[in-house]
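Asker: Enclosed is the structure file target-v7.cif (mmCIF, C-alpha atoms and all ligand atoms).
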data_model
loop_
_atom_site.group_PDB
_atom_site.id
_atom_site.type_symbol
_atom_site.label_atom_id
_atom_site.label_comp_id
_atom_site.auth_asym_id
_atom_site.auth_seq_id
_atom_site.Cartn_x
_atom_site.Cartn_y
_atom_site.Cartn_z
ATOM 1 C CA MET A 538 -16.473 1.664 16.789
ATOM 2 C CA LEU A 539 -20.156 2.303 16.294
ATOM 3 C CA HIS A 540 -22.253 1.652 13.240
ATOM 4 C CA SER A 541 -25.441 3.458 14.167
ATOM 5 C CA LYS A 542 -28.378 4.130 11.887
ATOM 6 C CA LEU A 543 -28.532 7.607 13.442
ATOM 7 C CA ARG A 544 -25.375 8.899 11.840
ATOM 8 C CA GLU A 545 -25.882 11.553 9.204
ATOM 9 C CA ASP A 546 -24.026 12.865 6.214
ATOM 10 C CA ASN A 547 -24.577 16.633 6.336
ATOM 11 C CA TYR A 548 -23.271 19.746 4.553
ATOM 12 C CA LEU A 549 -20.218 19.841 6.838
ATOM 13 C CA HIS A 550 -19.152 16.307 5.871
ATOM 14 C CA LYS A 551 -19.826 17.002 2.205
ATOM 15 C CA GLY A 552 -17.744 20.182 2.381
ATOM 16 C CA LEU A 553 -14.877 18.311 4.041
ATOM 17 C CA ARG A 554 -15.057 15.685 1.299
ATOM 18 C CA ARG A 555 -14.817 18.338 -1.397
ATOM 19 C CA GLN A 556 -11.655 19.645 0.310
ATOM 20 C CA LEU A 557 -10.246 16.120 0.449
ATOM 21 C CA ILE A 558 -10.865 15.759 -3.301
ATOM 22 C CA GLN A 559 -8.796 18.919 -3.909
ATOM 23 C CA ILE A 560 -5.942 17.448 -1.842
ATOM 24 C CA LEU A 561 -6.089 14.191 -3.832
ATOM 25 C CA ILE A 562 -6.018 16.111 -7.130
ATOM 26 C CA LYS A 563 -2.933 18.026 -5.926
ATOM 27 C CA LYS A 564 -1.278 14.707 -5.073
ATOM 28 C CA GLY A 565 -1.812 13.471 -8.635
ATOM 29 C CA ILE A 566 -5.144 11.631 -8.667
ATOM 30 C CA ASN A 567 -6.842 12.543 -11.948
ATOM 31 C CA ASN A 568 -9.322 9.732 -12.609
ATOM 32 C CA GLU A 569 -12.734 11.438 -12.417
ATOM 33 C CA LYS A 570 -14.546 8.222 -11.519
ATOM 34 C CA VAL A 571 -12.218 7.553 -8.593
ATOM 35 C CA LEU A 572 -12.636 11.120 -7.326
ATOM 36 C CA ALA A 573 -16.440 10.925 -7.723
ATOM 37 C CA ALA A 574 -16.619 7.672 -5.735
ATOM 38 C CA ILE A 575 -14.593 9.172 -2.875
ATOM 39 C CA GLU A 576 -16.756 12.291 -2.956
ATOM 40 C CA ASN A 577 -19.922 10.166 -2.756
ATOM 41 C CA ILE A 578 -18.913 7.892 0.140
ATOM 42 C CA PRO A 579 -19.253 9.173 3.730
ATOM 43 C CA ARG A 580 -15.854 8.005 5.029
ATOM 44 C CA HIS A 581 -16.841 9.101 8.558
ATOM 45 C CA PHE A 582 -19.400 6.255 8.654
ATOM 46 C CA PHE A 583 -16.440 3.844 8.619
ATOM 47 C CA LEU A 584 -14.766 5.348 11.688
ATOM 48 C CA ASP A 585 -15.568 5.882 15.321
ATOM 49 C CA PRO A 586 -17.822 8.960 15.749
ATOM 50 C CA ALA A 587 -14.998 10.569 17.744
ATOM 51 C CA PHE A 588 -13.079 10.873 14.449
ATOM 52 C CA GLU A 589 -15.878 12.588 12.498
ATOM 53 C CA ARG A 590 -13.977 15.676 11.474
ATOM 54 C CA ILE A 591 -10.572 14.133 10.984
ATOM 55 C CA ALA A 592 -12.180 11.357 8.916
ATOM 56 C CA TYR A 593 -11.549 13.664 5.952
ATOM 57 C CA GLU A 594 -7.893 14.334 6.617
ATOM 58 C CA ASP A 595 -5.634 12.441 4.256
ATOM 59 C CA ARG A 596 -4.369 9.911 6.784
ATOM 60 C CA ALA A 597 -4.853 6.313 7.883
ATOM 61 C CA PHE A 598 -6.780 5.471 11.096
ATOM 62 C CA PRO A 599 -6.934 2.615 13.545
ATOM 63 C CA ILE A 600 -9.993 0.353 13.293
ATOM 64 C CA ALA A 601 -10.847 -2.862 15.218
ATOM 65 C CA ALA A 602 -8.422 -5.803 15.684
ATOM 66 C CA ASN A 603 -5.286 -3.630 15.453
ATOM 67 C CA GLN A 604 -5.913 -2.913 11.793
ATOM 68 C CA THR A 605 -6.146 0.322 9.842
ATOM 69 C CA ILE A 606 -8.373 1.993 7.273
ATOM 70 C CA SER A 607 -6.009 3.045 4.484
ATOM 71 C CA GLN A 608 -5.194 6.698 3.829
ATOM 72 C CA PRO A 609 -7.557 8.223 1.213
ATOM 73 C CA PHE A 610 -4.603 8.932 -1.101
ATOM 74 C CA THR A 611 -3.570 5.270 -0.961
ATOM 75 C CA VAL A 612 -7.135 4.117 -1.696
ATOM 76 C CA ALA A 613 -7.362 6.569 -4.612
ATOM 77 C CA PHE A 614 -3.898 5.634 -5.936
ATOM 78 C CA GLN A 615 -4.486 1.866 -5.862
ATOM 79 C CA THR A 616 -7.969 2.269 -7.371
ATOM 80 C CA GLN A 617 -6.655 4.508 -10.162
ATOM 81 C CA LEU A 618 -3.969 1.916 -10.994
ATOM 82 C CA LEU A 619 -6.672 -0.734 -11.473
ATOM 83 C CA GLU A 620 -8.132 1.121 -14.506
ATOM 84 C CA LEU A 621 -11.590 -0.092 -13.501
ATOM 85 C CA LYS A 622 -14.332 -0.619 -16.002
ATOM 86 C CA LYS A 623 -17.981 -0.897 -15.017
ATOM 87 C CA PHE A 624 -18.901 -4.544 -14.251
ATOM 88 C CA ASP A 625 -15.244 -5.553 -13.764
ATOM 89 C CA LYS A 626 -15.024 -8.516 -11.387
ATOM 90 C CA VAL A 627 -12.601 -7.444 -8.658
ATOM 91 C CA LEU A 628 -10.968 -9.489 -5.893
ATOM 92 C CA GLU A 629 -9.845 -7.498 -2.840
ATOM 93 C CA ILE A 630 -7.597 -8.960 -0.142
ATOM 94 C CA GLY A 631 -8.028 -7.245 3.237
ATOM 95 C CA THR A 632 -11.608 -5.972 3.701
ATOM 96 C CA GLY A 633 -10.741 -4.119 6.921
ATOM 97 C CA SER A 634 -13.362 -1.388 7.342
ATOM 98 C CA ALA A 635 -14.733 -2.134 3.829
ATOM 99 C CA TYR A 636 -14.048 1.458 2.727
ATOM 100 C CA GLN A 637 -11.871 0.450 -0.241
ATOM 101 C CA ALA A 638 -14.398 -2.242 -1.194
ATOM 102 C CA CYS A 639 -17.190 0.382 -1.196
ATOM 103 C CA VAL A 640 -15.131 2.695 -3.439
ATOM 104 C CA LEU A 641 -14.789 -0.168 -5.946
ATOM 105 C CA ALA A 642 -18.495 -1.072 -5.662
ATOM 106 C CA GLU A 643 -19.514 2.588 -6.021
ATOM 107 C CA MET A 644 -17.615 2.606 -9.340
ATOM 108 C CA GLY A 645 -19.785 -0.258 -10.593
ATOM 109 C CA ALA A 646 -17.424 -3.183 -10.082
ATOM 110 C CA THR A 647 -18.577 -6.537 -8.759
ATOM 111 C CA VAL A 648 -16.437 -6.844 -5.646
ATOM 112 C CA PHE A 649 -15.337 -10.018 -3.851
ATOM 113 C CA THR A 650 -13.472 -9.047 -0.687
ATOM 114 C CA ILE A 651 -11.703 -11.331 1.823
ATOM 115 C CA GLU A 652 -10.846 -10.651 5.483
ATOM 116 C CA ARG A 653 -8.854 -13.018 7.695
ATOM 117 C CA GLN A 654 -9.839 -11.452 11.050
ATOM 118 C CA LYS A 655 -13.148 -12.875 12.265
ATOM 119 C CA GLU A 656 -13.722 -9.852 14.514
ATOM 120 C CA LEU A 657 -13.534 -7.434 11.575
ATOM 121 C CA TYR A 658 -15.479 -9.702 9.248
ATOM 122 C CA ASP A 659 -18.342 -9.918 11.774
ATOM 123 C CA PHE A 660 -18.214 -6.232 12.632
ATOM 124 C CA VAL A 661 -18.562 -5.123 9.013
ATOM 125 C CA GLY A 662 -21.566 -7.479 8.726
ATOM 126 C CA HIS A 663 -23.549 -5.062 10.932
ATOM 127 C CA PHE A 664 -22.691 -2.040 8.834
ATOM 128 C CA PHE A 665 -25.953 -0.685 7.351
ATOM 129 C CA PHE A 666 -24.166 1.352 4.670
ATOM 130 C CA LEU A 667 -23.114 -1.841 2.829
ATOM 131 C CA LYS A 668 -26.768 -2.470 1.959
ATOM 132 C CA ASN A 669 -26.236 0.178 -0.744
ATOM 133 C CA TYR A 670 -23.973 -2.265 -2.564
ATOM 134 C CA PRO A 671 -25.575 -5.579 -3.563
ATOM 135 C CA ASN A 672 -22.558 -5.892 -5.910
ATOM 136 C CA LEU A 673 -20.197 -6.252 -2.911
ATOM 137 C CA LYS A 674 -19.665 -9.761 -1.515
ATOM 138 C CA ARG A 675 -17.637 -10.446 1.635
ATOM 139 C CA PHE A 676 -15.740 -13.591 2.583
ATOM 140 C CA TYR A 677 -13.991 -14.725 5.748
ATOM 141 C CA GLY A 678 -10.811 -16.499 4.701
ATOM 142 C CA ASP A 679 -7.142 -16.389 3.822
ATOM 143 C CA GLY A 680 -6.322 -13.941 1.061
ATOM 144 C CA PHE A 681 -3.202 -15.901 0.062
ATOM 145 C CA VAL A 682 -5.593 -18.591 -1.185
ATOM 146 C CA GLY A 683 -7.871 -16.121 -2.968
ATOM 147 C CA LEU A 684 -11.259 -17.306 -4.224
ATOM 148 C CA PRO A 685 -10.565 -20.046 -6.795
ATOM 149 C CA THR A 686 -14.266 -20.928 -7.116
ATOM 150 C CA PHE A 687 -15.117 -17.365 -8.230
ATOM 151 C CA ALA A 688 -12.016 -16.892 -10.418
ATOM 152 C CA PRO A 689 -10.978 -15.554 -12.849
ATOM 153 C CA PHE A 690 -11.067 -11.846 -11.948
ATOM 154 C CA ASN A 691 -10.511 -8.818 -14.180
ATOM 155 C CA LYS A 692 -8.698 -7.038 -11.348
ATOM 156 C CA ILE A 693 -7.061 -7.915 -8.010
ATOM 157 C CA ILE A 694 -6.200 -5.441 -5.258
ATOM 158 C CA VAL A 695 -4.266 -6.333 -2.109
ATOM 159 C CA THR A 696 -4.558 -3.843 0.771
ATOM 160 C CA ALA A 697 -2.024 -5.439 3.143
ATOM 161 C CA ALA A 698 1.736 -5.801 2.602
ATOM 162 C CA ALA A 699 2.592 -9.072 0.864
ATOM 163 C CA PRO A 700 6.081 -10.467 1.654
ATOM 164 C CA LYS A 701 6.353 -11.431 -2.040
ATOM 165 C CA ILE A 702 4.007 -11.557 -5.014
ATOM 166 C CA PRO A 703 1.291 -14.113 -4.084
ATOM 167 C CA GLU A 704 1.555 -16.394 -7.138
ATOM 168 C CA GLN A 705 -1.682 -18.201 -6.319
ATOM 169 C CA LEU A 706 -3.563 -14.943 -6.771
ATOM 170 C CA LEU A 707 -2.037 -14.300 -10.191
ATOM 171 C CA THR A 708 -3.446 -17.622 -11.426
ATOM 172 C CA GLN A 709 -6.902 -16.140 -10.601
ATOM 173 C CA LEU A 710 -6.276 -13.084 -12.802
ATOM 174 C CA LYS A 711 -7.778 -13.036 -16.324
ATOM 175 C CA PRO A 712 -5.538 -12.455 -19.342
ATOM 176 C CA GLY A 713 -5.637 -8.679 -19.830
ATOM 177 C CA GLY A 714 -6.136 -8.246 -16.085
ATOM 178 C CA ILE A 715 -4.367 -6.001 -13.570
ATOM 179 C CA ALA A 716 -3.270 -6.724 -9.971
ATOM 180 C CA VAL A 717 -2.136 -3.944 -7.610
ATOM 181 C CA ILE A 718 -0.119 -5.273 -4.672
ATOM 182 C CA PRO A 719 2.169 -3.627 -2.091
ATOM 183 C CA VAL A 720 5.159 -5.985 -1.763
ATOM 184 C CA GLY A 721 7.808 -5.760 0.949
ATOM 185 C CA ASN A 722 8.424 -6.078 4.685
ATOM 186 C CA ASP A 723 7.590 -4.034 7.803
ATOM 187 C CA GLN A 724 10.244 -1.474 6.820
ATOM 188 C CA GLY A 725 8.274 -0.553 3.722
ATOM 189 C CA GLN A 726 6.801 -1.807 0.491
ATOM 190 C CA LYS A 727 6.810 -1.079 -3.221
ATOM 191 C CA MET A 728 3.452 -0.677 -4.905
ATOM 192 C CA LEU A 729 3.532 -3.127 -7.780
ATOM 193 C CA ARG A 730 1.143 -3.083 -10.701
ATOM 194 C CA ILE A 731 1.154 -6.477 -12.340
ATOM 195 C CA THR A 732 -0.418 -6.822 -15.763
ATOM 196 C CA LYS A 733 -1.168 -10.164 -17.373
ATOM 197 C CA ASN A 734 -1.240 -9.848 -21.153
ATOM 198 C CA MET A 735 -3.431 -11.868 -23.511
ATOM 199 C CA GLU A 736 -0.648 -14.467 -23.875
ATOM 200 C CA GLY A 737 -0.573 -14.877 -20.091
ATOM 201 C CA GLU A 738 2.802 -13.105 -19.719
ATOM 202 C CA ILE A 739 3.365 -11.002 -16.617
ATOM 203 C CA LEU A 740 4.563 -7.380 -16.671
ATOM 204 C CA GLU A 741 5.630 -5.705 -13.415
ATOM 205 C CA GLU A 742 5.771 -1.951 -12.709
ATOM 206 C CA ASP A 743 7.061 -0.331 -9.505
ATOM 207 C CA LEU A 744 4.947 2.677 -8.541
ATOM 208 C CA GLY A 745 6.675 3.851 -5.395
ATOM 209 C CA ASP A 746 6.960 3.411 -1.643
ATOM 210 C CA PHE A 747 4.067 2.678 0.732
ATOM 211 C CA LEU A 748 3.477 1.355 4.243
ATOM 212 C CA PHE A 749 0.693 -1.158 4.988
ATOM 213 C CA VAL A 750 -0.082 -3.568 7.831
ATOM 214 C CA PRO A 751 1.296 -7.018 6.961
ATOM 215 C CA MET A 752 -0.558 -9.663 4.984
ATOM 216 C CA LEU A 753 -0.687 -12.657 7.367
ATOM 217 C CA THR A 754 -1.205 -16.326 6.584
ATOM 218 C CA GLY A 755 -4.256 -18.296 7.698
ATOM 219 C CA LYS A 756 -7.522 -17.232 9.299
ATOM 220 C CA ASN A 757 -7.766 -15.645 12.756
ATOM 221 C CA LYS A 758 -10.824 -16.571 14.899
HETATM 222 N N1 LIG B 1 -9.022 -2.229 2.594
HETATM 223 C C1 LIG B 1 -9.068 -1.893 4.002
HETATM 224 C C2 LIG B 1 -7.680 -1.747 4.591
HETATM 225 C C3 LIG B 1 -7.518 -2.704 5.717
HETATM 226 S S1 LIG B 1 -5.918 -2.925 6.394
HETATM 227 C C4 LIG B 1 -9.922 -0.667 4.254
HETATM 228 O O1 LIG B 1 -10.315 -0.003 3.286
HETATM 229 O O2 LIG B 1 -10.220 -0.381 5.415
HETATM 230 C C5 LIG B 1 -5.523 -4.558 5.818
HETATM 231 C C6 LIG B 1 -6.484 -5.656 6.155
HETATM 232 O O3 LIG B 1 -5.962 -6.850 5.575
HETATM 233 C C7 LIG B 1 -6.641 -5.948 7.639
HETATM 234 O O4 LIG B 1 -8.001 -5.907 7.973
HETATM 235 C C8 LIG B 1 -6.065 -7.360 7.806
HETATM 236 O O5 LIG B 1 -6.724 -8.129 8.792
HETATM 237 C C9 LIG B 1 -6.287 -7.940 6.420
HETATM 238 N N2 LIG B 1 -5.442 -9.080 6.059
HETATM 239 C C10 LIG B 1 -4.135 -9.292 6.339
HETATM 240 N N3 LIG B 1 -3.707 -10.481 5.843
HETATM 241 C C11 LIG B 1 -4.788 -11.030 5.205
HETATM 242 C C12 LIG B 1 -5.004 -12.254 4.494
HETATM 243 N N4 LIG B 1 -4.048 -13.166 4.333
HETATM 244 N N5 LIG B 1 -6.250 -12.479 3.993
HETATM 245 C C13 LIG B 1 -7.254 -11.583 4.145
HETATM 246 N N6 LIG B 1 -7.108 -10.419 4.819
HETATM 247 C C14 LIG B 1 -5.890 -10.136 5.338
#
Is it possible to give me this structure as structure tokens?
Answerer:
Amino acid sequence: MLHSKLREDNYLHKGLRRQLIQILIKKGINNEKVLAAIENIPRHFFLDPAFERIAYEDRAFPIAANQTISQPFTVAFQTQLLELKKFDKVLEIGTGSAYQACVLAEMGATVFTIERQKELYDFVGHFFFLKNYPNLKRFYGDGFVGLPTFAPFNKIIVTAAAPKIPEQLLTQLKPGGIAVIPVGNDQGQKMLRITKNMEGEILEEDLGDFLFVPMLTGKNK
């Protein structure tokens, strides 16, 4: 992967992004703010230059450390489920390429994102595009622990497959908050939207089948 200052975002990329937006609309994404954020962010900057054209196909791609950048539909779907409001404080587990984190930051959220792979955490640190988002803060750590010192959060998004609902994260969710978490094993996961009401009660909704890389315990040097 290369994060070079020389990469450009030209009319071709912008045209491909407009086509991607049409695909996402056909697949049921209707939140204008989500679509605008995806249209504004050059996804090809997050991938190896060899993938420039296919960066705008609706599919996941390999990135460093055997991880993946989520499929645009999955990013859009999870983001839409969060019902983001400007200035929401959002915790993301699984920074990966930081694409999802940038979508959240582009929508005006204050984003706290955690990555457990040192290689990916360091790599993303050299990524010039992130300078556009002073409202995006990155952490190297274990997402199962969350960020108790920065809690509570209005929203939590997990972008790796959790074996079960990580209870410790729910304690970091504000009353009235929403967490979107794929829960399951390597055969597949259910996308759960978990809402905490003002009384602190938890409501769970199942929003269909997905496939993510696993959420792993502990940090990896
Ligand atoms: N949101 C990312 C998707 C990355 S794939 C993007 O937009 O590109 C999932 C990521 O979760 C991987 O980078 C993986 O290393 C990370 N991950 C897995 N378990 C984790 C944990 N316990 N804490 C933090 N990150 C974790």
Asker: Take the PyMOL selection byres (((chain A and resi 628) around 12) and not hetatm), run it mentally on this structure, and tell me the resulting residues as a tab-separated table (two decimals) with C-alpha atoms, in the frame of the given file.
Answerer:
chain	number	residue	atom	x	y	z
A	619	LEU	CA	-6.67	-0.73	-11.47
A	625	ASP	CA	-15.24	-5.55	-13.76
A	626	LYS	CA	-15.02	-8.52	-11.39
A	627	VAL	CA	-12.60	-7.44	-8.66
A	629	GLU	CA	-9.85	-7.50	-2.84
A	630	ILE	CA	-7.60	-8.96	-0.14
A	631	GLY	CA	-8.03	-7.24	3.24
A	632	THR	CA	-11.61	-5.97	3.70
A	637	GLN	CA	-11.87	0.45	-0.24
A	638	ALA	CA	-14.40	-2.24	-1.19
A	641	LEU	CA	-14.79	-0.17	-5.95
A	642	ALA	CA	-18.50	-1.07	-5.66
A	646	ALA	CA	-17.42	-3.18	-10.08
A	647	THR	CA	-18.58	-6.54	-8.76
A	648	VAL	CA	-16.44	-6.84	-5.65
A	649	PHE	CA	-15.34	-10.02	-3.85
A	650	THR	CA	-13.47	-9.05	-0.69
A	651	ILE	CA	-11.70	-11.33	1.82
A	652	GLU	CA	-10.85	-10.65	5.48
A	673	LEU	CA	-20.20	-6.25	-2.91
A	674	LYS	CA	-19.66	-9.76	-1.52
A	675	ARG	CA	-17.64	-10.45	1.64
A	676	PHE	CA	-15.74	-13.59	2.58
A	680	GLY	CA	-6.32	-13.94	1.06
A	681	PHE	CA	-3.20	-15.90	0.06
A	682	VAL	CA	-5.59	-18.59	-1.18
A	683	GLY	CA	-7.87	-16.12	-2.97
A	684	LEU	CA	-11.26	-17.31	-4.22
A	685	PRO	CA	-10.56	-20.05	-6.80
A	686	THR	CA	-14.27	-20.93	-7.12
A	687	PHE	CA	-15.12	-17.36	-8.23
A	688	ALA	CA	-12.02	-16.89	-10.42
A	689	PRO	CA	-10.98	-15.55	-12.85
A	690	PHE	CA	-11.07	-11.85	-11.95
A	691	ASN	CA	-10.51	-8.82	-14.18
A	692	LYS	CA	-8.70	-7.04	-11.35
A	693	ILE	CA	-7.06	-7.92	-8.01
A	694	ILE	CA	-6.20	-5.44	-5.26
A	695	VAL	CA	-4.27	-6.33	-2.11
A	696	THR	CA	-4.56	-3.84	0.77
A	706	LEU	CA	-3.56	-14.94	-6.77
A	707	LEU	CA	-2.04	-14.30	-10.19
A	709	GLN	CA	-6.90	-16.14	-10.60
A	710	LEU	CA	-6.28	-13.08	-12.80
A	711	LYS	CA	-7.78	-13.04	-16.32
A	714	GLY	CA	-6.14	-8.25	-16.08
A	715	ILE	CA	-4.37	-6.00	-13.57
A	716	ALA	CA	-3.27	-6.72	-9.97
A	717	VAL	CA	-2.14	-3.94	-7.61
A	718	ILE	CA	-0.12	-5.27	-4.67
Asker: Can you work out which one of A:Lys733, A:Arg590, A:Lys564, A:Lys655 has the shortest atom-to-atom distance to ligand LIG 1 (chain B), counting all atoms listed in the file?
Answerer: A:Lys655
Asker: Rounded to one decimal, what separation in Å do you get between CA of Ala635 (chain A) and CA of Leu561 (chain A)?
Answerer: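 About the pair CA of Ala635 (chain A) and CA of Leu561 (chain A): they are 20.0 Å apart.
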Asker: For region 553-556 of chain A, please output as a short mmCIF file (atom, residue, chain, number, x, y, z; two decimals) with C-alpha atoms, in the coordinates of the input all residues within 12 Å (counting all atoms listed in the file; exclusion window: fewer than 4 positions along the same chain).
Answerer:
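The resulting file, selection.cif, is reproduced below:
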data_model
loop_
_atom_site.label_atom_id
_atom_site.label_comp_id
_atom_site.auth_asym_id
_atom_site.auth_seq_id
_atom_site.Cartn_x
_atom_site.Cartn_y
_atom_site.Cartn_z
CA ASP A 546 -24.03 12.86 6.21
CA ASN A 547 -24.58 16.63 6.34
CA TYR A 548 -23.27 19.75 4.55
CA LEU A 549 -20.22 19.84 6.84
CA ILE A 560 -5.94 17.45 -1.84
CA LEU A 561 -6.09 14.19 -3.83
CA ILE A 562 -6.02 16.11 -7.13
CA LYS A 563 -2.93 18.03 -5.93
CA LEU A 572 -12.64 11.12 -7.33
CA ALA A 573 -16.44 10.92 -7.72
CA ALA A 574 -16.62 7.67 -5.74
CA ILE A 575 -14.59 9.17 -2.88
CA GLU A 576 -16.76 12.29 -2.96
CA ASN A 577 -19.92 10.17 -2.76
CA ILE A 578 -18.91 7.89 0.14
CA PRO A 579 -19.25 9.17 3.73
CA ARG A 580 -15.85 8.01 5.03
CA HIS A 581 -16.84 9.10 8.56
CA GLU A 589 -15.88 12.59 12.50
CA ARG A 590 -13.98 15.68 11.47
CA ILE A 591 -10.57 14.13 10.98
CA ALA A 592 -12.18 11.36 8.92
CA TYR A 593 -11.55 13.66 5.95
CA GLU A 594 -7.89 14.33 6.62
CA ASP A 595 -5.63 12.44 4.26
CA PRO A 609 -7.56 8.22 1.21
#
Asker: Would you mind reading off the distance between CA of Lys701 (chain A) and CA of Val720 (chain A), one decimal, in Å?
Answerer: 5.6 Å
Asker: Tell me which residues the PyMOL selection byres (((chain A and resi 623) around 7) and not hetatm) grabs here, as a PDB file with C-alpha atoms, in the frame of the given file.
Answerer:
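Dumped to out_35.pdb:
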ATOM      1  CA  LEU A 621     -11.590  -0.092 -13.501  1.00  0.00           C
ATOM      2  CA  LYS A 622     -14.332  -0.619 -16.002  1.00  0.00           C
ATOM      3  CA  PHE A 624     -18.901  -4.544 -14.251  1.00  0.00           C
ATOM      4  CA  ASP A 625     -15.244  -5.553 -13.764  1.00  0.00           C
ATOM      5  CA  MET A 644     -17.615   2.606  -9.340  1.00  0.00           C
ATOM      6  CA  GLY A 645     -19.785  -0.258 -10.593  1.00  0.00           C
ATOM      7  CA  ALA A 646     -17.424  -3.183 -10.082  1.00  0.00           C
TER       8      ALA A 646
END
Asker: How would region 591-597 of chain A look with all heavy atoms restored, written as a PDB file, in the coordinates of the input?
Answerer:
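Here's the written file rebuild-v8.pdb:
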ATOM      1  N   ILE A 591     -11.857  14.528  11.573  1.00  0.00           N
ATOM      2  CA  ILE A 591     -10.572  14.133  10.984  1.00  0.00           C
ATOM      3  C   ILE A 591     -10.714  12.957  10.014  1.00  0.00           C
ATOM      4  O   ILE A 591      -9.761  12.607   9.336  1.00  0.00           O
ATOM      5  CB  ILE A 591      -9.491  13.868  12.059  1.00  0.00           C
ATOM      6  CG1 ILE A 591     -10.021  12.982  13.166  1.00  0.00           C
ATOM      7  CG2 ILE A 591      -8.951  15.155  12.616  1.00  0.00           C
ATOM      8  CD1 ILE A 591      -8.982  12.702  14.227  1.00  0.00           C
ATOM      9  N   ALA A 592     -11.941  12.426   9.904  1.00  0.00           N
ATOM     10  CA  ALA A 592     -12.180  11.357   8.916  1.00  0.00           C
ATOM     11  C   ALA A 592     -11.818  11.824   7.514  1.00  0.00           C
ATOM     12  O   ALA A 592     -11.550  11.010   6.636  1.00  0.00           O
ATOM     13  CB  ALA A 592     -13.640  10.934   8.937  1.00  0.00           C
ATOM     14  N   TYR A 593     -11.815  13.146   7.298  1.00  0.00           N
ATOM     15  CA  TYR A 593     -11.549  13.664   5.952  1.00  0.00           C
ATOM     16  C   TYR A 593     -10.158  14.253   5.809  1.00  0.00           C
ATOM     17  O   TYR A 593      -9.842  14.899   4.821  1.00  0.00           O
ATOM     18  CB  TYR A 593     -12.660  14.630   5.538  1.00  0.00           C
ATOM     19  CG  TYR A 593     -13.947  13.847   5.401  1.00  0.00           C
ATOM     20  CD1 TYR A 593     -14.948  13.924   6.365  1.00  0.00           C
ATOM     21  CD2 TYR A 593     -14.105  12.951   4.353  1.00  0.00           C
ATOM     22  CE1 TYR A 593     -16.091  13.147   6.269  1.00  0.00           C
ATOM     23  CE2 TYR A 593     -15.242  12.166   4.247  1.00  0.00           C
ATOM     24  CZ  TYR A 593     -16.233  12.265   5.201  1.00  0.00           C
ATOM     25  OH  TYR A 593     -17.344  11.481   5.104  1.00  0.00           O
ATOM     26  N   GLU A 594      -9.303  14.029   6.809  1.00  0.00           N
ATOM     27  CA  GLU A 594      -7.893  14.334   6.617  1.00  0.00           C
ATOM     28  C   GLU A 594      -7.288  13.176   5.829  1.00  0.00           C
ATOM     29  O   GLU A 594      -7.760  12.053   5.908  1.00  0.00           O
ATOM     30  CB  GLU A 594      -7.193  14.481   7.976  1.00  0.00           C
ATOM     31  CG  GLU A 594      -7.606  15.761   8.675  1.00  0.00           C
ATOM     32  CD  GLU A 594      -6.973  15.909  10.042  1.00  0.00           C
ATOM     33  OE1 GLU A 594      -6.035  15.148  10.363  1.00  0.00           O
ATOM     34  OE2 GLU A 594      -7.437  16.778  10.792  1.00  0.00           O
ATOM     35  N   ASP A 595      -6.228  13.488   5.089  1.00  0.00           N
ATOM     36  CA  ASP A 595      -5.634  12.441   4.256  1.00  0.00           C
ATOM     37  C   ASP A 595      -4.660  11.615   5.081  1.00  0.00           C
ATOM     38  O   ASP A 595      -3.448  11.739   4.952  1.00  0.00           O
ATOM     39  CB  ASP A 595      -4.930  13.071   3.045  1.00  0.00           C
ATOM     40  CG  ASP A 595      -4.501  12.003   2.053  1.00  0.00           C
ATOM     41  OD1 ASP A 595      -5.087  10.909   2.082  1.00  0.00           O
ATOM     42  OD2 ASP A 595      -3.578  12.259   1.267  1.00  0.00           O
ATOM     43  N   ARG A 596      -5.215  10.770   5.954  1.00  0.00           N
ATOM     44  CA  ARG A 596      -4.369   9.911   6.784  1.00  0.00           C
ATOM     45  C   ARG A 596      -5.090   8.605   7.120  1.00  0.00           C
ATOM     46  O   ARG A 596      -6.318   8.515   7.033  1.00  0.00           O
ATOM     47  CB  ARG A 596      -3.964  10.633   8.069  1.00  0.00           C
ATOM     48  CG  ARG A 596      -5.126  11.345   8.749  1.00  0.00           C
ATOM     49  CD  ARG A 596      -4.698  12.088   9.982  1.00  0.00           C
ATOM     50  NE  ARG A 596      -4.639  11.185  11.122  1.00  0.00           N
ATOM     51  CZ  ARG A 596      -4.678  11.593  12.398  1.00  0.00           C
ATOM     52  NH1 ARG A 596      -4.755  12.885  12.682  1.00  0.00           N
ATOM     53  NH2 ARG A 596      -4.630  10.728  13.372  1.00  0.00           N
ATOM     54  N   ALA A 597      -4.299   7.611   7.487  1.00  0.00           N
ATOM     55  CA  ALA A 597      -4.853   6.313   7.883  1.00  0.00           C
ATOM     56  C   ALA A 597      -5.362   6.409   9.323  1.00  0.00           C
ATOM     57  O   ALA A 597      -4.947   7.287  10.079  1.00  0.00           O
ATOM     58  CB  ALA A 597      -3.778   5.239   7.770  1.00  0.00           C
TER      59      ALA A 597
END
